[in-house]
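Printed here is run-v3.txt (compact mmCIF, C-alpha atoms and all ligand atoms):
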# COMPACT_ATOMS: atom_id res chain seq x y z
CA MET S 1 111.72 120.85 87.85
CA LYS S 2 107.96 121.29 88.04
CA ILE S 3 106.60 123.53 85.28
CA LEU S 4 103.00 124.67 85.72
CA VAL S 5 100.88 125.95 82.83
CA ALA S 6 98.12 128.04 84.42
CA THR S 7 95.68 129.44 81.89
CA GLU S 8 92.22 130.78 82.58
CA LYS S 9 91.81 130.78 78.77
CA PRO S 10 93.42 127.46 77.73
CA PHE S 11 95.85 126.78 74.91
CA ALA S 12 94.69 124.51 72.06
CA PRO S 13 95.30 120.82 72.97
CA VAL S 14 97.88 120.48 70.19
CA ALA S 15 99.94 123.24 71.82
CA ILE S 16 99.84 121.50 75.20
CA SER S 17 101.02 118.29 73.63
CA LEU S 18 103.98 120.08 71.99
CA ILE S 19 104.80 121.88 75.26
CA ARG S 20 104.80 118.45 76.93
CA ASP S 21 107.25 117.18 74.31
CA VAL S 22 109.65 119.95 75.35
CA THR S 23 109.34 119.29 79.10
CA ASP S 24 109.36 115.46 78.85
CA SER S 25 112.39 115.36 76.58
CA THR S 26 114.38 117.52 79.00
CA GLY S 27 113.39 115.68 82.18
CA HIS S 28 111.00 118.29 83.59
CA GLU S 29 107.50 117.66 84.89
CA LEU S 30 104.53 119.47 83.33
CA THR S 31 101.39 120.18 85.34
CA LEU S 32 98.26 121.92 84.09
CA LEU S 33 95.70 124.25 85.60
CA GLU S 34 93.41 125.13 82.72
CA ASN S 35 90.09 126.93 82.62
CA TYR S 36 90.26 127.90 86.27
CA LYS S 37 87.47 130.11 87.51
CA ASP S 38 88.87 131.52 90.73
CA VAL S 39 92.27 132.85 91.75
CA SER S 40 92.18 130.49 94.78
CA GLU S 41 92.73 127.61 92.33
CA LEU S 42 95.84 129.36 91.00
CA LEU S 43 97.12 130.06 94.51
CA ALA S 44 96.78 126.35 95.36
CA ALA S 45 98.36 125.15 92.10
CA VAL S 46 101.51 127.31 92.29
CA THR S 47 102.68 126.17 95.73
CA ASP S 48 105.18 123.59 94.44
CA ALA S 49 105.89 125.02 90.95
CA ASP S 50 109.48 125.90 90.03
CA ALA S 51 108.34 127.58 86.81
CA LEU S 52 105.07 129.05 85.63
CA ILE S 53 103.66 129.65 82.15
CA VAL S 54 100.67 132.00 81.90
CA ARG S 55 98.76 133.97 79.27
CA SER S 56 96.80 137.04 80.43
CA ASP S 57 96.51 135.48 83.88
CA LYS S 58 97.39 137.96 86.62
CA VAL S 59 100.60 137.16 88.45
CA THR S 60 100.25 139.32 91.56
CA ALA S 61 102.20 139.58 94.80
CA ASP S 62 99.66 137.14 96.31
CA VAL S 63 100.38 134.55 93.63
CA LEU S 64 104.12 135.02 94.15
CA ASP S 65 103.72 134.72 97.95
CA ALA S 66 101.96 131.39 97.42
CA ALA S 67 104.58 130.18 94.92
CA LYS S 68 107.34 129.46 97.44
CA LYS S 69 109.59 127.58 95.01
CA LEU S 70 109.02 129.70 91.92
CA ARG S 71 112.13 130.83 90.01
CA ILE S 72 110.72 131.89 86.65
CA VAL S 73 107.40 132.99 85.15
CA VAL S 74 106.93 133.27 81.40
CA ARG S 75 104.01 135.15 79.90
CA ALA S 76 103.33 133.14 76.71
CA GLY S 77 102.62 136.20 74.62
CA ALA S 78 103.71 139.78 74.10
CA GLY S 79 102.02 142.10 76.61
CA TYR S 80 103.18 141.54 80.18
CA ASP S 81 100.96 144.11 81.89
CA ASN S 82 99.44 141.16 83.79
CA LEU S 83 102.72 140.47 85.61
CA ASP S 84 103.58 142.46 88.72
CA LEU S 85 107.21 142.98 87.75
CA GLU S 86 108.26 144.66 90.99
CA ALA S 87 106.81 141.80 93.00
CA CYS S 88 108.58 139.29 90.71
CA THR S 89 111.89 141.03 91.37
CA ALA S 90 111.18 141.24 95.11
CA HIS S 91 110.49 137.48 95.13
CA ASN S 92 113.65 136.74 93.09
CA VAL S 93 111.53 135.47 90.22
CA VAL S 94 112.69 136.02 86.65
CA ALA S 95 109.85 137.29 84.44
CA MET S 96 109.88 136.83 80.65
CA ASN S 97 107.58 137.19 77.65
CA THR S 98 107.71 135.57 74.20
CA PRO S 99 107.66 138.55 71.82
CA GLY S 100 106.52 138.02 68.23
CA GLN S 101 105.22 134.49 68.71
CA ASN S 102 101.52 135.28 68.44
CA SER S 103 101.72 138.49 66.38
CA ASN S 104 100.42 137.15 63.07
CA ALA S 105 97.28 135.83 64.77
CA VAL S 106 96.59 139.26 66.27
CA ALA S 107 97.11 141.00 62.92
CA GLU S 108 94.77 138.53 61.19
CA LEU S 109 92.07 139.21 63.77
CA ALA S 110 92.38 142.96 63.16
CA PHE S 111 91.76 142.35 59.45
CA GLU S 112 88.95 139.89 60.16
CA MET S 113 87.16 142.57 62.16
CA MET S 114 87.85 145.23 59.50
CA LEU S 115 86.49 143.04 56.70
CA TYR S 116 83.40 141.97 58.64
CA HIS S 117 82.66 145.58 59.53
CA ALA S 118 83.32 146.86 55.98
CA ARG S 119 80.64 144.44 54.70
CA GLY S 120 78.14 145.51 57.32
CA GLY S 121 78.34 142.21 59.21
CA PHE S 122 77.22 140.28 56.08
CA GLY S 123 73.71 141.66 56.50
CA GLY S 124 73.01 141.92 52.77
CA LYS S 125 73.54 145.68 52.33
CA SER S 126 76.21 147.12 50.05
CA GLY S 127 79.47 147.56 51.95
CA THR S 128 82.95 148.91 51.23
CA GLU S 129 86.35 147.47 50.30
CA LEU S 130 89.74 147.80 51.97
CA ARG S 131 91.61 148.39 48.69
CA GLY S 132 92.81 151.96 48.35
CA LYS S 133 91.88 152.90 51.94
CA SER S 134 94.45 154.37 54.32
CA LEU S 135 95.58 152.27 57.28
CA GLY S 136 97.53 153.91 60.10
CA LEU S 137 99.51 151.72 62.45
CA HIS S 138 99.93 153.32 65.83
CA ALA S 139 103.09 151.54 66.97
CA PHE S 140 105.12 149.46 64.59
CA GLY S 141 106.34 146.42 66.52
CA ASN S 142 105.82 142.77 65.70
CA VAL S 143 102.05 143.01 65.15
CA GLY S 144 102.40 146.28 63.24
CA LYS S 145 104.78 144.61 60.80
CA TYR S 146 102.33 141.78 60.09
CA MET S 147 99.59 144.37 59.68
CA ALA S 148 101.68 146.10 57.01
CA GLU S 149 102.31 142.82 55.20
CA ILE S 150 98.62 141.91 55.12
CA GLY S 151 97.54 145.50 54.36
CA LYS S 152 99.81 145.54 51.34
CA GLY S 153 98.08 142.42 50.06
CA PHE S 154 94.75 144.21 50.34
CA GLY S 155 96.10 147.19 48.39
CA MET S 156 95.82 149.58 51.34
CA GLU S 157 97.85 152.75 51.71
CA LEU S 158 100.05 152.24 54.78
CA PHE S 159 101.23 154.74 57.39
CA ALA S 160 102.77 154.32 60.85
CA PHE S 161 103.79 156.28 63.89
CA ASP S 162 106.19 154.81 66.43
CA PRO S 163 108.73 156.93 68.34
CA PHE S 164 110.86 153.82 68.92
CA VAL S 165 111.18 152.68 65.29
CA GLY S 166 113.31 154.39 62.66
CA ASP S 167 111.86 155.74 59.41
CA GLU S 168 114.05 153.40 57.34
CA ASP S 169 112.54 150.28 58.98
CA MET S 170 109.07 151.53 58.13
CA LYS S 171 109.98 152.42 54.56
CA MET S 172 111.54 148.98 54.04
CA ALA S 173 108.17 147.50 55.02
CA GLY S 174 106.39 149.70 52.47
CA VAL S 175 104.98 152.00 55.14
CA THR S 176 105.08 155.82 55.14
CA PRO S 177 106.43 157.09 58.48
CA CYS S 178 104.48 159.86 60.24
CA LYS S 179 106.19 162.47 62.40
CA SER S 180 103.43 162.62 65.01
CA PRO S 181 100.31 160.73 66.04
CA GLU S 182 98.31 163.75 64.86
CA GLU S 183 99.69 163.31 61.34
CA LEU S 184 98.79 159.61 61.45
CA TYR S 185 95.23 160.09 62.73
CA SER S 186 94.48 162.95 60.34
CA LYS S 187 95.61 160.90 57.32
CA CYS S 188 94.05 157.51 58.04
CA ARG S 189 90.50 156.24 57.75
CA TYR S 190 91.55 153.05 59.56
CA ILE S 191 93.75 153.33 62.66
CA SER S 192 95.01 150.13 64.28
CA LEU S 193 96.56 150.21 67.76
CA HIS S 194 99.60 148.09 68.58
CA MET S 195 101.22 149.62 71.66
CA PRO S 196 101.58 147.94 75.08
CA ALA S 197 99.51 149.07 78.07
CA ASN S 198 101.77 150.90 80.49
CA GLU S 199 101.75 154.08 82.56
CA LYS S 200 102.55 156.18 79.46
CA THR S 201 100.00 154.64 77.11
CA LYS S 202 96.99 154.09 79.40
CA LYS S 203 94.08 156.36 78.31
CA SER S 204 96.44 157.96 75.77
CA ILE S 205 94.16 157.38 72.76
CA GLY S 206 91.54 160.06 73.10
CA TYR S 207 89.39 162.81 71.70
CA ASP S 208 92.11 164.94 70.08
CA PHE S 209 93.02 161.98 67.87
CA PHE S 210 89.46 160.81 67.19
CA LYS S 211 88.20 164.20 66.07
CA ILE S 212 90.82 164.59 63.33
CA MET S 213 90.23 161.22 61.68
CA PRO S 214 88.80 161.38 58.15
CA GLU S 215 85.23 160.50 57.19
CA ALA S 216 84.04 156.93 57.92
CA ALA S 217 86.73 156.55 60.57
CA VAL S 218 87.40 153.10 62.01
CA LEU S 219 89.45 152.60 65.16
CA VAL S 220 90.74 149.03 65.55
CA ASN S 221 92.00 147.93 68.95
CA THR S 222 93.69 144.57 69.30
CA ALA S 223 96.08 146.03 71.89
CA ARG S 224 94.51 146.65 75.32
CA LYS S 225 91.26 148.33 76.30
CA GLU S 226 93.20 150.37 78.88
CA VAL S 227 94.96 152.46 76.20
CA ILE S 228 91.61 153.99 75.17
CA ASP S 229 90.06 156.98 76.89
CA GLU S 230 86.55 155.53 76.92
CA GLU S 231 84.83 158.77 77.87
CA ALA S 232 86.39 160.41 74.83
CA LEU S 233 85.34 157.47 72.68
CA LEU S 234 81.72 157.82 73.80
CA LYS S 235 81.90 161.57 73.13
CA ILE S 236 83.08 161.04 69.56
CA PHE S 237 80.43 158.35 69.00
CA GLU S 238 77.81 160.86 70.06
CA GLU S 239 79.24 163.61 67.83
CA ARG S 240 80.10 161.58 64.74
CA ASN S 241 77.82 158.87 63.40
CA ASP S 242 80.52 157.92 60.87
CA PHE S 243 82.91 156.69 63.59
CA SER S 244 83.31 152.95 64.36
CA TYR S 245 85.24 151.02 66.97
CA LEU S 246 86.37 147.41 66.51
CA SER S 247 87.91 145.95 69.62
CA ASP S 248 89.30 142.63 70.74
CA VAL S 249 87.77 142.67 74.23
CA GLU S 250 84.72 144.53 75.38
CA PRO S 251 85.08 148.10 76.67
CA ASP S 252 83.82 148.89 80.18
CA SER S 253 80.92 150.85 78.67
CA LYS S 254 79.81 148.03 76.36
CA ALA S 255 76.17 148.40 77.43
CA VAL S 256 76.07 152.02 76.18
CA PHE S 257 77.42 150.99 72.76
CA GLU S 258 74.83 148.21 72.55
CA GLU S 259 72.01 150.52 73.46
CA LYS S 260 72.92 153.49 71.27
CA TYR S 261 75.36 152.58 68.50
CA LYS S 262 74.30 149.32 66.82
CA GLY S 263 76.32 148.48 63.69
CA ARG S 264 79.20 150.80 64.59
CA PHE S 265 81.21 148.43 66.76
CA ILE S 266 82.49 144.89 67.05
CA PHE S 267 83.59 143.54 70.43
CA THR S 268 84.92 140.05 70.99
CA ALA S 269 83.56 138.44 74.14
CA LYS S 270 86.96 137.02 75.15
CA LYS S 271 90.33 138.28 74.00
CA MET S 272 90.65 136.35 70.74
CA GLY S 273 93.69 137.89 69.02
CA ALA S 274 96.13 135.16 70.00
CA GLN S 275 93.54 132.40 70.07
CA THR S 276 94.76 130.24 67.17
CA GLU S 277 96.43 126.85 67.26
CA GLU S 278 99.48 128.33 65.57
CA ALA S 279 99.85 131.20 68.04
CA ASN S 280 99.26 128.85 70.99
CA ILE S 281 101.93 126.49 69.69
CA ASN S 282 104.43 129.26 68.93
CA ALA S 283 104.01 131.13 72.23
CA GLY S 284 103.54 128.04 74.43
CA VAL S 285 106.48 126.12 73.05
CA ALA S 286 108.70 129.23 73.13
CA ALA S 287 107.76 129.74 76.80
CA ALA S 288 108.60 126.12 77.65
CA LYS S 289 111.91 126.30 75.78
CA GLN S 290 112.84 129.57 77.49
CA ILE S 291 112.23 127.95 80.89
CA VAL S 292 114.23 124.84 80.04
CA ASP S 293 117.04 127.01 78.70
CA TYR S 294 116.99 129.22 81.79
CA PHE S 295 117.29 126.21 84.08
CA SER S 296 120.10 124.65 82.06
CA THR S 297 122.15 127.68 80.96
CA GLY S 298 120.77 130.71 82.85
CA ASN S 299 119.79 132.39 79.56
CA GLU S 300 117.80 135.54 80.38
CA LYS S 301 117.40 136.93 76.86
CA PHE S 302 113.67 137.58 77.15
CA ARG S 303 113.71 138.80 80.76
CA VAL S 304 111.45 141.82 81.34
CA ASN S 305 112.11 142.55 85.03
CA LYS S 306 115.37 143.82 86.51
C1 LIG P 1 99.46 139.21 74.05
O1 LIG P 1 99.77 140.21 74.73
O2 LIG P 1 100.31 138.37 73.71
C2 LIG P 1 98.05 139.04 73.55
O3 LIG P 1 97.23 140.03 74.03
C3 LIG P 1 97.49 137.66 73.79
O4 LIG P 1 96.93 137.47 75.06
P1 LIG P 1 96.32 136.05 75.47
O5 LIG P 1 97.43 135.06 75.50
O6 LIG P 1 95.71 136.26 76.82
O7 LIG P 1 95.30 135.67 74.46
Could you show the structure in this file as structure tokens?
Amino acid sequence: MKILVATEKPFAPVAISLIRDVTDSTGHELTLLENYKDVSELLAAVTDADALIVRSDKVTADVLDAAKKLRIVVRAGAGYDNLDLEACTAHNVVAMNTPGQNSNAVAELAFEMMLYHARGGFGGKSGTELRGKSLGLHAFGNVGKYMAEIGKGFGMELFAFDPFVGDEDMKMAGVTPCKSPEELYSKCRYISLHMPANEKTKKSIGYDFFKIMPEAAVLVNTARKEVIDEEALLKIFEERNDFSYLSDVEPDSKAVFEEKYKGRFIFTAKKMGAQTEEANINAGVAAAKQIVDYFSTGNEKFRVNK
């Protein structure tokens, strides 16, 4: 079978070589479309692919129309908001993700941004420490659990809210469960977001949460920019000069932040959370193995469409 890796933001070379080991050793053919600049390149590359591995690359109905032979697409990563699941189902294409494989990298980036910000961007002025500060995890999935582990090491006080995770699981991880997002936001100086972007969560993080955060509030977003209500964020920035926003990916209103709120934000230019060799290897190899397994045994364990 022909397995295409199509990544606008490429995997580390070492990950590609390990993905190739998986496909070569099982008699499949690996083809690469890396660093592509235009969707037309993707449309041309998918025409003869039986399987597709992507990252945040958009798999739309157009891509699926062009991919006449496609049977499976795997998003090498956690969030699959870039896959048109209905179109996948309509085209008889199995869609999967690789949950947990890049989570540690994302959690480390959240801490990297928190540390850099706490020390004022290493500008020479006196900063603050993470020890003893409260960290609220809004959603407690794979990334949230790594956040708790690292936060414990820094001596932070840990809280979480997640309607889908039981209190016992949080307590076992050394985290105090909160009954509502309001409780979480009112208790925590640092709030870190770890929910997926979907119809329920889009624009769900807004003013009512921001306004109840304690002094020197820091909102950390390594999830998706879509979950933030940006108008509300700008309103709180205007009202509170002790509010900061650290985000993996620039918000739509980046220019306003740059003009008015220097020193109170960090934005990565490209989504960097999963951009480590280790995460690329874990997610890329898992994606390749899931495809090989699907072709040989029909295993659909990580399927996300019906
Ligand atoms: C994910 O959902 O797995 C992360 O956001 C990583 O996305 P990326 O593979 O595009 O870096």
_Report, in Å with one decimal, the straight-line distance from CA of Asn299 (chain S) to CA of Ile72 (chain S)._
11.5 Å
*Which one is closest to Tyr190 (chain S): S:Pro13, S:Gly153, S:Gly27, S:Pro214? Count only C-alpha atoms.*
S:Pro214
*Using only C-alpha atoms, which of the listed residues (S:Ala173, S:Val46, S:Val249, S:Cys188) sits closest to Ala110 (chain S)?*
S:Val249
_Using all atoms listed in the file for the distances, tell me which of S:Pro181, S:Gly166, S:Gly263, S:Gly284 is nearest to Gly120 (chain S)._
S:Gly263
*Within 9 Å of ligand LIG 1 (chain P), which residues show up when you count all atoms listed in the file? List them as a PyMOL selection string, please.*
chain S and resi 7-11+54-57+75-81+97-103+106+196+222-224+248+270-275+279-280+283
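If only C-alpha atoms are the atoms counted, then among S:Ala87, S:Ala118, S:Met96, S:Val218 the closest residue to Leu135 (chain S) is S:Val218.
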*List the neighbours of Lys145 (chain S) out to 12 Å using all atoms listed in the file; skip same-chain residues closer than 3 positions along the sequence, and give me the result as a ChimeraX atom specification.*
/S:100,103-104,106-108,136-142,148-152,158-160,162,165,169-175,192,194
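The nearest approach to Phe210 (chain S) among the residues S:Phe257, S:Tyr146, S:Tyr185, S:Phe122, with all atoms listed in the file taken into account, belongs to S:Tyr185.
Going from CA of Thr23 (chain S) to CA of His91 (chain S) covers 24.3 Å.
One finds CA of Leu219 (chain S) at 12.5 Å from CA of Ser186 (chain S).
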_Given all atoms listed in the file as the basis, pick out the residue of S:Gly121, S:Leu193, S:Ser204, S:Glu277 nearest to Phe265 (chain S)._
S:Gly121
*Which neighbours of Ala49 (chain S) fall inside 10 Å, counting all atoms listed in the file, when residues of the same chain fewer than 4 positions from it are skipped, and could you give them as a count of residues only?*
17
Could you produce a table of the residues of region 44-157 of chain S lying within 10 Å of region 230-245 of chain S, with the nearest pair of atoms per residue and their separation in Å rounded to one decimal, using all atoms listed in the file, ordered by chain and increasing residue number, as CSV?
residue,atom,partner,partner_atom,distance
S:Met113,CA,S:Tyr245,CA,9.9
S:Met114,CA,S:Tyr245,CA,9.8
S:His117,CA,S:Ser244,CA,8.8
